[in-house]
>>> print(open('input.cif').read())   # mmCIF, C-alpha atoms
data_input
loop_
_atom_site.label_atom_id
_atom_site.label_comp_id
_atom_site.auth_asym_id
_atom_site.auth_seq_id
_atom_site.Cartn_x
_atom_site.Cartn_y
_atom_site.Cartn_z
CA MET A 1 16.15 -35.08 -23.37
CA PRO A 2 16.84 -36.20 -19.75
CA LYS A 3 13.77 -36.76 -17.59
CA LEU A 4 14.78 -34.03 -15.12
CA ASP A 5 15.08 -31.43 -17.88
CA LEU A 6 11.72 -32.48 -19.23
CA LEU A 7 10.20 -32.11 -15.77
CA LEU A 8 11.73 -28.66 -15.33
CA MET A 9 10.49 -27.66 -18.78
CA PHE A 10 7.00 -28.86 -17.88
CA ALA A 11 7.16 -26.86 -14.63
CA GLY A 12 8.20 -23.76 -16.60
CA VAL A 13 5.30 -24.16 -19.02
CA VAL A 14 2.79 -24.65 -16.21
CA LEU A 15 4.13 -21.59 -14.34
CA SER A 16 3.97 -19.45 -17.50
CA LEU A 17 0.38 -20.55 -18.14
CA ILE A 18 -0.53 -19.79 -14.53
CA VAL A 19 0.82 -16.23 -14.87
CA PHE A 20 -1.10 -15.73 -18.12
CA SER A 21 -4.26 -17.03 -16.41
CA TYR A 22 -4.37 -13.59 -14.74
CA LEU A 23 -5.64 -12.23 -18.05
CA LEU A 24 -8.71 -14.47 -17.70
CA GLY A 25 -9.41 -13.04 -14.24
CA ASP A 26 -7.85 -15.85 -12.21
CA LYS A 27 -6.55 -14.74 -8.84
CA LEU A 28 -5.92 -18.02 -7.00
CA PHE A 29 -3.32 -19.64 -9.25
CA PHE A 30 -1.72 -16.30 -10.06
CA GLY A 31 -1.40 -15.62 -6.32
CA ILE A 32 0.12 -19.07 -5.76
CA SER A 33 2.71 -18.46 -8.48
CA MET A 34 3.60 -15.07 -7.00
CA TYR A 35 4.05 -16.48 -3.49
CA LEU A 36 6.11 -19.31 -4.98
CA LEU A 37 8.39 -16.76 -6.66
CA VAL A 38 8.71 -14.69 -3.50
CA GLY A 39 9.39 -17.79 -1.38
CA VAL A 40 12.10 -19.16 -3.68
CA THR A 41 13.74 -15.75 -4.11
CA THR A 42 13.69 -15.07 -0.37
CA GLY A 43 15.15 -18.51 0.39
CA TYR A 44 17.93 -18.06 -2.15
CA ALA A 45 18.65 -14.52 -0.92
CA ALA A 46 18.85 -15.76 2.68
CA VAL A 47 21.35 -18.49 1.67
CA VAL A 48 23.50 -15.99 -0.27
CA LEU A 49 23.46 -13.52 2.63
CA LEU A 50 24.47 -16.21 5.09
CA LYS A 51 27.11 -17.96 3.00
CA ARG A 52 28.57 -15.10 0.99
CA VAL A 53 28.37 -12.22 3.47
CA LEU A 54 27.94 -13.22 7.09
CA LEU A 55 30.19 -16.30 7.10
CA PRO A 56 33.25 -14.73 5.42
CA MET A 57 32.84 -11.19 6.76
CA LEU A 58 31.61 -11.78 10.30
CA VAL A 59 32.06 -15.38 11.46
CA MET A 60 35.41 -16.26 9.84
CA PRO A 61 37.35 -13.26 11.25
CA LEU A 62 36.01 -14.08 14.71
CA MET A 63 37.65 -17.53 14.50
CA ASP A 64 41.13 -16.00 14.76
CA LEU A 65 40.18 -13.50 17.43
CA PRO A 66 43.45 -12.16 18.81
CA THR A 67 44.26 -10.71 15.37
CA ILE A 68 43.20 -7.23 14.19
CA PRO A 69 40.53 -8.49 11.70
CA GLY A 70 39.05 -10.57 14.52
CA LEU A 71 38.91 -7.59 16.86
CA LEU A 72 37.44 -5.40 14.13
CA ALA A 73 34.71 -7.99 13.55
CA LEU A 74 33.58 -7.56 17.17
CA ILE A 75 32.03 -4.16 16.39
CA PRO A 76 29.62 -5.38 13.66
CA LEU A 77 28.88 -8.42 15.85
CA LEU A 78 27.87 -6.14 18.73
CA LEU A 79 25.80 -3.93 16.42
CA SER A 80 24.16 -7.02 14.87
CA LEU A 81 23.25 -8.34 18.31
CA LEU A 82 21.73 -4.96 19.15
CA LEU A 83 19.76 -5.14 15.90
CA VAL A 84 18.38 -8.54 16.90
CA TRP A 85 17.63 -7.17 20.36
CA SER A 86 15.65 -4.29 18.82
CA LEU A 87 13.12 -6.88 17.60
CA PHE A 88 12.26 -7.75 21.19
CA LYS A 89 12.85 -4.38 22.90
CA LYS A 90 11.48 -1.80 20.53
CA SER A 91 11.43 1.04 23.07
CA SER A 92 15.08 0.59 24.08
CA LYS A 93 17.17 3.49 22.78
CA ILE A 94 20.41 1.52 22.64
CA ALA A 95 18.72 -1.10 20.45
CA THR A 96 18.01 1.54 17.78
CA LEU A 97 21.70 2.54 17.66
CA PRO A 98 22.67 0.19 14.75
CA LEU A 99 19.68 1.26 12.69
CA ASN A 100 20.50 4.94 13.24
CA ILE A 101 24.14 4.39 12.25
CA LEU A 102 23.02 2.43 9.18
CA THR A 103 20.58 5.20 8.22
CA GLY A 104 23.29 7.86 8.55
CA ILE A 105 25.81 5.89 6.46
CA LEU A 106 23.27 4.99 3.77
CA LEU A 107 22.11 8.62 3.56
CA ALA A 108 25.71 9.80 3.22
CA THR A 109 26.31 7.21 0.48
CA ALA A 110 23.16 8.34 -1.32
CA ILE A 111 24.15 12.02 -1.10
CA PHE A 112 27.66 11.26 -2.34
CA GLY A 113 26.29 9.09 -5.15
CA ILE A 114 23.81 11.76 -6.23
CA VAL A 115 26.44 14.52 -6.25
CA ARG A 116 29.26 12.57 -7.87
CA GLY A 117 27.29 10.09 -9.94
CA THR A 118 24.32 12.08 -11.24
CA LEU A 119 24.42 15.83 -10.67
CA ALA A 120 28.05 16.54 -11.56
CA PRO A 121 28.17 14.42 -14.77
CA GLN A 122 24.80 15.67 -16.01
CA LEU A 123 25.60 19.33 -15.37
CA LEU A 124 29.08 18.94 -16.83
CA SER A 125 27.69 17.38 -20.01
CA ILE A 126 25.54 20.49 -20.52
CA VAL A 127 28.53 22.78 -19.95
CA ASP A 128 30.71 20.59 -22.21
CA ALA A 129 28.27 21.09 -25.07
CA PHE A 130 29.36 24.77 -25.11
CA ASP A 131 33.04 23.80 -25.33
CA PRO A 132 34.81 26.28 -27.73
CA LYS A 133 36.45 23.31 -29.45
CA LEU A 134 32.99 22.00 -30.40
CA VAL A 135 31.17 25.24 -31.23
CA VAL A 136 34.00 26.65 -33.38
CA LYS A 137 35.14 24.74 -36.46
CA GLY A 138 38.09 26.19 -38.38
CA ASN A 139 37.58 29.77 -37.08
CA LEU A 140 33.91 29.62 -38.12
CA PRO A 141 30.94 28.95 -35.83
CA ASN A 142 29.67 25.37 -35.97
CA TRP A 143 25.96 26.17 -36.07
CA THR A 144 24.84 22.55 -35.66
CA ALA A 145 26.80 22.16 -32.42
CA ILE A 146 25.62 25.58 -31.18
CA PHE A 147 21.99 24.65 -31.96
CA GLU A 148 22.36 21.29 -30.20
CA ALA A 149 23.95 22.93 -27.13
CA PHE A 150 21.18 25.54 -26.88
CA MET A 151 18.50 22.89 -27.40
CA MET A 152 19.98 20.88 -24.55
CA LEU A 153 20.09 23.92 -22.26
CA LEU A 154 16.54 24.94 -23.20
CA GLY A 155 15.28 21.38 -22.73
CA VAL A 156 16.82 20.93 -19.29
CA ILE A 157 15.72 24.38 -18.05
CA SER A 158 12.18 23.94 -19.38
CA VAL A 159 11.82 20.46 -17.79
CA LEU A 160 13.04 21.78 -14.43
CA PHE A 161 10.81 24.86 -14.80
CA PHE A 162 7.76 22.72 -15.56
CA PHE A 163 8.33 20.53 -12.49
CA HIS A 164 8.97 23.53 -10.25
CA HIS A 165 5.65 25.11 -11.23
CA ARG A 166 3.49 22.11 -10.43
CA ASN A 167 1.48 21.93 -7.26
CA LYS A 168 0.90 18.89 -5.11
CA ARG A 169 -2.38 18.04 -6.83
CA ASP A 170 -0.50 17.35 -10.01
CA LYS A 171 -1.83 20.44 -11.75
CA VAL A 172 0.14 23.18 -13.42
CA TYR A 173 -0.02 26.68 -11.92
CA GLU A 174 -1.58 29.26 -14.17
CA SER A 175 1.10 31.76 -14.90
CA PRO A 176 0.30 35.38 -15.87
CA ARG A 177 3.34 35.73 -18.13
CA PRO A 178 3.11 34.23 -21.63
CA TRP A 179 6.83 33.41 -21.82
CA MET A 180 6.49 31.31 -18.68
CA GLU A 181 3.65 29.40 -20.29
CA GLY A 182 5.81 28.92 -23.36
CA ILE A 183 8.67 27.42 -21.32
CA LYS A 184 6.22 25.12 -19.57
CA VAL A 185 4.86 23.89 -22.90
CA VAL A 186 8.41 23.18 -24.12
CA GLY A 187 9.12 21.35 -20.82
CA GLN A 188 5.97 19.24 -21.21
CA MET A 189 7.00 18.42 -24.76
CA PHE A 190 10.43 17.18 -23.71
CA ILE A 191 8.98 15.15 -20.83
CA GLY A 192 6.41 13.62 -23.18
CA ILE A 193 9.11 12.68 -25.70
CA THR A 194 11.26 11.12 -22.96
CA PHE A 195 8.38 9.16 -21.46
CA GLY A 196 7.38 7.99 -24.93
CA ALA A 197 10.89 6.67 -25.62
CA VAL A 198 11.07 5.02 -22.17
CA PHE A 199 7.63 3.49 -22.72
CA VAL A 200 8.73 1.99 -26.03
CA GLY A 201 11.89 0.58 -24.42
CA LEU A 202 9.92 -1.10 -21.65
CA PHE A 203 7.18 -2.22 -24.01
CA SER A 204 9.70 -3.79 -26.40
CA THR A 205 11.35 -5.65 -23.50
CA GLY A 206 7.97 -6.88 -22.32
CA LEU A 207 7.04 -7.95 -25.82
CA ILE A 208 10.28 -9.92 -26.21
CA ALA A 209 9.60 -11.62 -22.86
CA LEU A 210 6.05 -12.41 -23.97
CA ILE A 211 7.34 -13.97 -27.18
CA ALA A 212 9.92 -15.99 -25.20
CA SER A 213 7.19 -17.30 -22.87
CA LEU A 214 4.93 -18.26 -25.76
CA GLU A 215 7.88 -19.89 -27.52
CA ARG A 216 8.55 -21.97 -24.39
CA ILE A 217 4.95 -23.20 -24.40
CA ILE A 218 4.99 -23.93 -28.16
CA ASP A 219 8.32 -25.81 -27.89
CA PHE A 220 6.89 -28.00 -25.14
CA VAL A 221 3.73 -28.76 -27.12
CA ARG A 222 5.88 -29.60 -30.19
CA LEU A 223 7.74 -32.21 -28.14
CA TRP A 224 4.56 -34.30 -27.95
CA LEU A 225 3.43 -33.84 -31.52
CA MET B 1 11.31 16.45 19.00
CA LYS B 2 10.80 12.76 19.63
CA ASP B 3 14.23 11.15 19.48
CA ARG B 4 17.00 13.73 19.78
CA GLN B 5 19.66 11.06 20.40
CA GLY B 6 18.66 9.16 17.27
CA ILE B 7 18.88 12.30 15.12
CA VAL B 8 22.31 13.16 16.57
CA ILE B 9 23.59 9.61 15.83
CA ILE B 10 22.22 9.68 12.26
CA ALA B 11 23.73 13.12 11.63
CA LEU B 12 27.09 12.21 13.20
CA ALA B 13 27.42 8.89 11.34
CA GLY B 14 26.28 10.46 8.08
CA ILE B 15 28.52 13.56 8.24
CA LEU B 16 31.62 11.58 9.28
CA PHE B 17 31.05 9.05 6.52
CA LEU B 18 30.43 11.83 3.98
CA LEU B 19 33.69 13.51 5.00
CA ALA B 20 35.54 10.20 4.69
CA LEU B 21 34.06 9.74 1.20
CA PHE B 22 35.14 13.21 0.08
CA PHE B 23 38.67 12.92 1.50
CA GLN B 24 39.61 9.78 -0.43
CA PRO B 25 42.20 8.26 -0.90
CA LYS B 26 43.55 9.45 2.48
CA THR B 27 40.61 7.81 4.24
CA SER B 28 40.44 4.67 2.05
CA ALA B 29 41.61 2.25 4.77
CA ILE B 30 39.04 3.34 7.36
CA LEU B 31 36.39 3.65 4.65
CA ASN B 32 36.88 0.01 3.63
CA VAL B 33 36.43 -1.15 7.23
CA ILE B 34 33.27 0.94 7.67
CA ILE B 35 31.84 -0.25 4.34
CA ASN B 36 32.43 -3.87 5.41
CA TRP B 37 30.65 -3.21 8.70
CA THR B 38 27.76 -1.59 6.80
CA ILE B 39 27.49 -4.60 4.48
CA VAL B 40 27.38 -6.97 7.48
CA LEU B 41 24.83 -4.80 9.31
CA SER B 42 22.63 -4.44 6.21
CA SER B 43 22.74 -8.22 5.70
CA VAL B 44 21.70 -8.85 9.31
CA ALA B 45 18.89 -6.31 8.90
CA LEU B 46 17.74 -8.08 5.71
CA LEU B 47 17.87 -11.48 7.39
CA LEU B 48 15.81 -10.11 10.27
CA ALA B 49 13.27 -8.82 7.75
CA VAL B 50 13.15 -12.30 6.19
CA ALA B 51 12.70 -13.86 9.65
CA ARG B 52 9.86 -11.46 10.36
CA LEU B 53 8.21 -12.33 7.03
CA ILE B 54 8.42 -16.05 7.83
CA THR B 55 6.99 -15.65 11.34
CA THR B 56 4.11 -13.60 9.92
CA HIS B 57 3.29 -16.32 7.37
CA MET B 58 3.67 -19.06 10.02
CA ARG B 59 1.19 -17.19 12.20
CA HIS B 60 -1.24 -17.03 9.27
CA ILE B 61 -0.93 -20.80 8.78
CA ALA B 62 -1.32 -21.54 12.49
CA VAL B 63 -4.43 -19.37 12.84
CA GLY B 64 -5.85 -20.56 9.50
CA ARG B 65 -6.39 -17.01 8.32
CA ARG B 66 -8.12 -16.34 4.98
CA GLY B 67 -5.57 -16.87 2.23
CA PHE B 68 -3.34 -19.08 4.39
CA LEU B 69 -2.86 -21.28 1.32
CA PHE B 70 -0.59 -18.56 -0.10
CA SER B 71 1.37 -18.51 3.15
CA LEU B 72 1.74 -22.28 2.91
CA VAL B 73 3.10 -22.02 -0.64
CA PHE B 74 5.48 -19.24 0.43
CA PHE B 75 6.74 -21.22 3.40
CA ALA B 76 7.24 -24.44 1.41
CA ALA B 77 9.09 -22.59 -1.37
CA PHE B 78 11.26 -20.72 1.12
CA ALA B 79 12.09 -23.88 3.08
CA ALA B 80 12.99 -25.83 -0.09
CA ALA B 81 15.20 -23.05 -1.46
CA PHE B 82 16.83 -22.35 1.91
CA ILE B 83 17.51 -25.96 2.94
CA GLY B 84 18.63 -26.88 -0.57
CA GLY B 85 21.02 -23.95 -0.68
CA MET B 86 22.42 -24.62 2.78
CA PHE B 87 23.17 -28.28 2.03
CA MET B 88 24.06 -28.18 -1.67
CA GLY B 89 25.73 -24.76 -1.66
CA GLU B 90 24.46 -21.56 -3.27
CA GLY B 91 26.69 -22.06 -6.33
CA ASN B 92 25.81 -25.72 -6.96
CA PRO B 93 24.76 -26.10 -10.65
CA GLU B 94 21.95 -28.55 -9.83
CA TYR B 95 20.55 -26.27 -7.15
CA LEU B 96 20.77 -23.24 -9.44
CA LYS B 97 19.03 -25.21 -12.20
CA TRP B 98 16.02 -25.75 -9.93
CA ILE B 99 15.97 -22.14 -8.75
CA ARG B 100 16.20 -20.91 -12.37
CA ALA B 101 13.49 -23.34 -13.49
CA ILE B 102 11.06 -21.55 -11.16
CA GLN B 103 12.32 -17.96 -11.39
CA LEU B 104 12.94 -17.67 -15.12
CA PRO B 105 9.50 -18.69 -16.50
CA LEU B 106 7.68 -16.73 -13.81
CA GLU B 107 9.72 -13.56 -14.34
CA THR B 108 9.58 -13.82 -18.14
CA ALA B 109 5.82 -14.38 -18.10
CA LEU B 110 5.39 -11.44 -15.68
CA LEU B 111 7.43 -9.22 -17.98
CA GLY B 112 5.27 -10.36 -20.88
CA LEU B 113 2.17 -9.54 -18.85
CA LEU B 114 3.68 -6.11 -18.21
CA ALA B 115 3.71 -5.41 -21.96
CA LEU B 116 -0.03 -6.06 -22.14
CA VAL B 117 -0.74 -4.03 -18.98
CA MET B 118 1.39 -1.15 -20.32
CA MET B 119 -0.57 -1.16 -23.54
CA SER B 120 -3.86 -0.74 -21.68
CA LEU B 121 -2.31 1.91 -19.41
CA ALA B 122 -1.18 3.95 -22.41
CA VAL B 123 -4.74 3.95 -23.75
CA LYS B 124 -5.99 4.91 -20.28
CA VAL B 125 -3.62 7.91 -20.15
CA PHE B 126 -5.19 9.32 -23.31
CA ARG B 127 -8.70 8.59 -22.09
CA GLU B 128 -8.21 10.22 -18.68
CA ARG B 129 -5.88 13.11 -19.46
CA GLY B 130 -7.30 13.98 -22.85
CA TRP B 131 -5.33 15.73 -25.57
CA SER B 132 -2.61 17.94 -24.13
CA VAL B 133 0.95 18.86 -25.08
CA LEU B 134 2.21 16.13 -22.74
CA THR B 135 -0.02 13.33 -24.05
CA ILE B 136 0.42 14.27 -27.72
CA SER B 137 4.22 14.43 -27.45
CA PHE B 138 4.13 11.13 -25.52
CA GLY B 139 2.04 9.43 -28.19
CA VAL B 140 4.01 10.80 -31.14
CA SER B 141 7.32 9.89 -29.48
CA ALA B 142 6.09 6.37 -28.60
CA LEU B 143 4.91 5.76 -32.17
CA PHE B 144 8.10 7.15 -33.67
CA PHE B 145 10.43 5.07 -31.48
CA LEU B 146 8.29 1.97 -31.96
CA PHE B 147 8.56 2.53 -35.71
CA LEU B 148 12.31 3.05 -35.39
CA ASN B 149 12.80 -0.04 -33.17
CA LEU B 150 10.93 -2.21 -35.66
CA GLY B 151 13.66 -1.41 -38.18
CA PHE B 152 11.62 0.35 -40.84
CA LEU B 153 14.11 3.20 -41.11
CA LYS B 154 17.36 1.65 -42.28
CA SER B 155 20.55 3.62 -41.78
CA GLY B 156 23.04 4.19 -44.61
CA VAL B 157 20.43 4.74 -47.32
CA ASN B 158 20.16 8.52 -47.10
CA PRO B 159 22.79 10.53 -45.14
CA GLY B 160 20.40 13.45 -44.60
CA LEU B 161 17.73 11.16 -43.17
CA ASP B 162 20.34 9.47 -40.97
CA ARG B 163 21.36 12.82 -39.49
CA PHE B 164 17.71 13.71 -38.90
CA VAL B 165 17.04 10.38 -37.16
CA ILE B 166 20.14 10.81 -34.95
CA ALA B 167 18.94 14.32 -34.00
CA LEU B 168 15.48 12.97 -33.13
CA LYS B 169 17.01 10.13 -31.12
CA SER B 170 18.86 12.67 -28.96
CA LEU B 171 15.61 14.45 -27.95
CA PRO B 172 14.65 11.95 -25.18
CA VAL B 173 18.16 12.32 -23.75
CA ILE B 174 17.55 16.04 -23.21
CA GLY B 175 14.30 15.40 -21.33
CA ALA B 176 15.88 12.54 -19.38
CA ARG B 177 18.75 14.83 -18.40
CA GLY B 178 16.32 17.43 -17.09
CA LEU B 179 14.36 14.78 -15.20
CA LEU B 180 17.53 13.26 -13.75
CA ILE B 181 18.81 16.64 -12.55
CA GLY B 182 15.41 17.43 -11.04
CA VAL B 183 15.13 14.09 -9.26
CA ALA B 184 18.75 14.29 -8.08
CA LEU B 185 18.25 17.81 -6.69
CA GLY B 186 15.07 16.71 -4.90
CA ALA B 187 16.75 13.60 -3.48
CA LEU B 188 19.77 15.64 -2.40
CA VAL B 189 17.65 18.18 -0.52
CA MET B 190 15.60 15.37 1.05
CA GLY B 191 18.76 13.46 2.05
CA LEU B 192 20.31 16.55 3.63
CA ARG B 193 17.08 17.34 5.47
CA VAL B 194 16.91 13.81 6.92
CA LEU B 195 20.62 13.91 7.74
CA PHE B 196 20.22 17.08 9.73
CA GLY B 197 17.05 15.87 11.44
CA GLN B 198 14.73 18.41 9.84
CA VAL B 199 12.21 15.85 8.55
CA VAL B 200 12.02 13.89 11.81
CA GLU B 201 11.68 17.17 13.71
CA ASN B 202 8.81 18.33 11.51
CA GLU B 203 7.02 15.00 11.91
#
>>> encode(input="input.cif", output="structure tokens")
Amino acid sequence: MPKLDLLLMFAGVVLSLIVFSYLLGDKLFFGISMYLLVGVTTGYAAVVLLKRVLLPMLVMPLMDLPTIPGLLALIPLLLSLLLVWSLFKKSSKIATLPLNILTGILLATAIFGIVRGTLAPQLLSIVDAFDPKLVVKGNLPNWTAIFEAFMMLLGVISVLFFFHHRNKRDKVYESPRPWMEGIKVVGQMFIGITFGAVFVGLFSTGLIALIASLERIIDFVRLWL
Amino acid sequence: MKDRQGIVIIALAGILFLLALFFQPKTSAILNVIINWTIVLSSVALLLAVARLITTHMRHIAVGRRGFLFSLVFFAAFAAAFIGGMFMGEGNPEYLKWIRAIQLPLETALLGLLALVMMSLAVKVFRERGWSVLTISFGVSALFFLFLNLGFLKSGVNPGLDRFVIALKSLPVIGARGLLIGVALGALVMGLRVLFGQVVENE
């Protein structure tokens, strides 16, 4: 194995051990490793932003200025300068202009994404479950599909109902009607099942990562045995 | 109302952009230009945030504030990654090897630590919330899916059991769908309120 690879492997083992030292109550080395990670990631992100975004999308078009792309690049340049200026003149209203525009555009993107990417597909999938082609099989009702469609509808309504009837202190409102209580119980059940499945997914990923880290340490130790 | 002009600009930019998004592909050309401007502006904003972070840590080092050692580590790591990337190029295999050698073990070990923390948190949920419909369904579901993920229930042995397992596997999707719709509706209302200045006005 080349010396550089061996050195990098050693660094990886030391960093893994430092992270696991948190379990023994160590704060100093764990903190150092976290700041190291943040520093490296920030440095890499800054390089990528400069070289992959700002150079080709802002600086390069300005090089051939009389052209349309060059002229169009003047607007983000002006807004960027105003953004930099806002660091020094916080009270200036014109300096907040780029941030306000950015907020508006990002909000619009979020709203569009929620409507087109989440709400519409999720609601449509519930409606699609009641598709006559699915619930009728050879002129006879397909009871499995009908049951599944009603379960889905009940599950979604009960989850939404449960969340709607929670107050800010994270407690459920006492409802005088028994059927309301029943829907809330069903909602809680579905939420519990979902969280359980999500928990297992995350836990399994974590466990695999833990095994990979331990394997890295064992492999390094084996090199010297 | 504190900043009427700001609210008007946010609302105007947001509504115009929303209209442009809904009237695609007629507005595709202008949309591309605006998206490029937004990417540039967001990048500048991110770089400014990075610059602010660095100045804060440099101040900590200069003053010798408690925990300045962490700031020193941060600054050294940032400088090495930044200078290396600027000179060698962000796609250079050697440079990426070094970056990966630091990021990968740290992130993997952190994820491994997360598994252990999650385990203790799950026990804490039962201890603090007691036995309720939510905690019982959570526990039963977690045990069932853990059992399933470990591969104890093999498919193809019994068709009836296979169908039952598939039906049980679809249960979290129903809850997730309800949660997603709820979160999306909440986010939509919040987004519209901010867009029309209602939240800023109330504050």
>>> residues_around(input="input.cif", residues="range 10-14 of chain B", least_positions_apart="6", cutoff="8 Å", atoms="only C-alpha atoms", output="PyMOL selection string")
(chain A and resi 100-108) or (chain B and resi 195-197)
>>> resolve_selection(input="input.cif", expression="the PyMOL selection byres ((chain B and resi 134-138) around 10)", output="list in words")
Val185, Val186, Gly187, Gln188, Met189, Phe190, Ile191, Gly192, Ile193, Thr194, Phe195, Gly196, Ala197, Val198 and Phe199 of chain A; Ala122, Val125, Phe126, Arg129, Gly130, Trp131, Ser132, Val133, Gly139, Val140, Ser141, Ala142, Leu143 and Phe144 of chain B
>>> resolve_selection(input="input.cif", expression="the PyMOL selection byres ((chain A and resi 213) around 8)", output="PDB file with C-alpha atoms, keeping the file's coordinate frame")
ATOM      1  CA  SER A  16       3.970 -19.450 -17.500  1.00  0.00           C
ATOM      2  CA  ALA A 209       9.600 -11.620 -22.860  1.00  0.00           C
ATOM      3  CA  LEU A 210       6.050 -12.410 -23.970  1.00  0.00           C
ATOM      4  CA  ILE A 211       7.340 -13.970 -27.180  1.00  0.00           C
ATOM      5  CA  ALA A 212       9.920 -15.990 -25.200  1.00  0.00           C
ATOM      6  CA  LEU A 214       4.930 -18.260 -25.760  1.00  0.00           C
ATOM      7  CA  GLU A 215       7.880 -19.890 -27.520  1.00  0.00           C
ATOM      8  CA  ARG A 216       8.550 -21.970 -24.390  1.00  0.00           C
ATOM      9  CA  ILE A 217       4.950 -23.200 -24.400  1.00  0.00           C
TER      10      ILE A 217
ATOM     11  CA  PRO B 105       9.500 -18.690 -16.500  1.00  0.00           C
ATOM     12  CA  THR B 108       9.580 -13.820 -18.140  1.00  0.00           C
ATOM     13  CA  ALA B 109       5.820 -14.380 -18.100  1.00  0.00           C
ATOM     14  CA  GLY B 112       5.270 -10.360 -20.880  1.00  0.00           C
TER      15      GLY B 112
END
>>> atom_distance(input="input.cif", atom1="CA of Phe161 in chain A", atom2="CA of Ile181 in chain B")
11.7 Å
>>> resolve_selection(input="input.cif", expression="the PyMOL selection byres ((chain A and resi 29-31) around 12)", output="PyMOL selection string")
(chain A and resi 14-28+32-38) or (chain B and resi 67-74+106+109-110+113)
>>> atom_distance(input="input.cif", atom1="CA of Ile157 in chain A", atom2="CA of Lys169 in chain B")
19.4 Å
>>> atom_distance(input="input.cif", atom1="CA of Arg52 in chain B", atom2="CA of Glu107 in chain B")
24.8 Å
>>> residues_around(input="input.cif", residues="Pro69 in chain A", least_positions_apart="5", cutoff="12 Å", atoms="only C-alpha atoms", output="list in words")
Pro56, Met57, Leu58, Val59, Met60, Pro61, Leu62, Met63, Asp64, Leu74, Ile75 and Pro76 of chain A; Val33, Asn36 and Trp37 of chain B
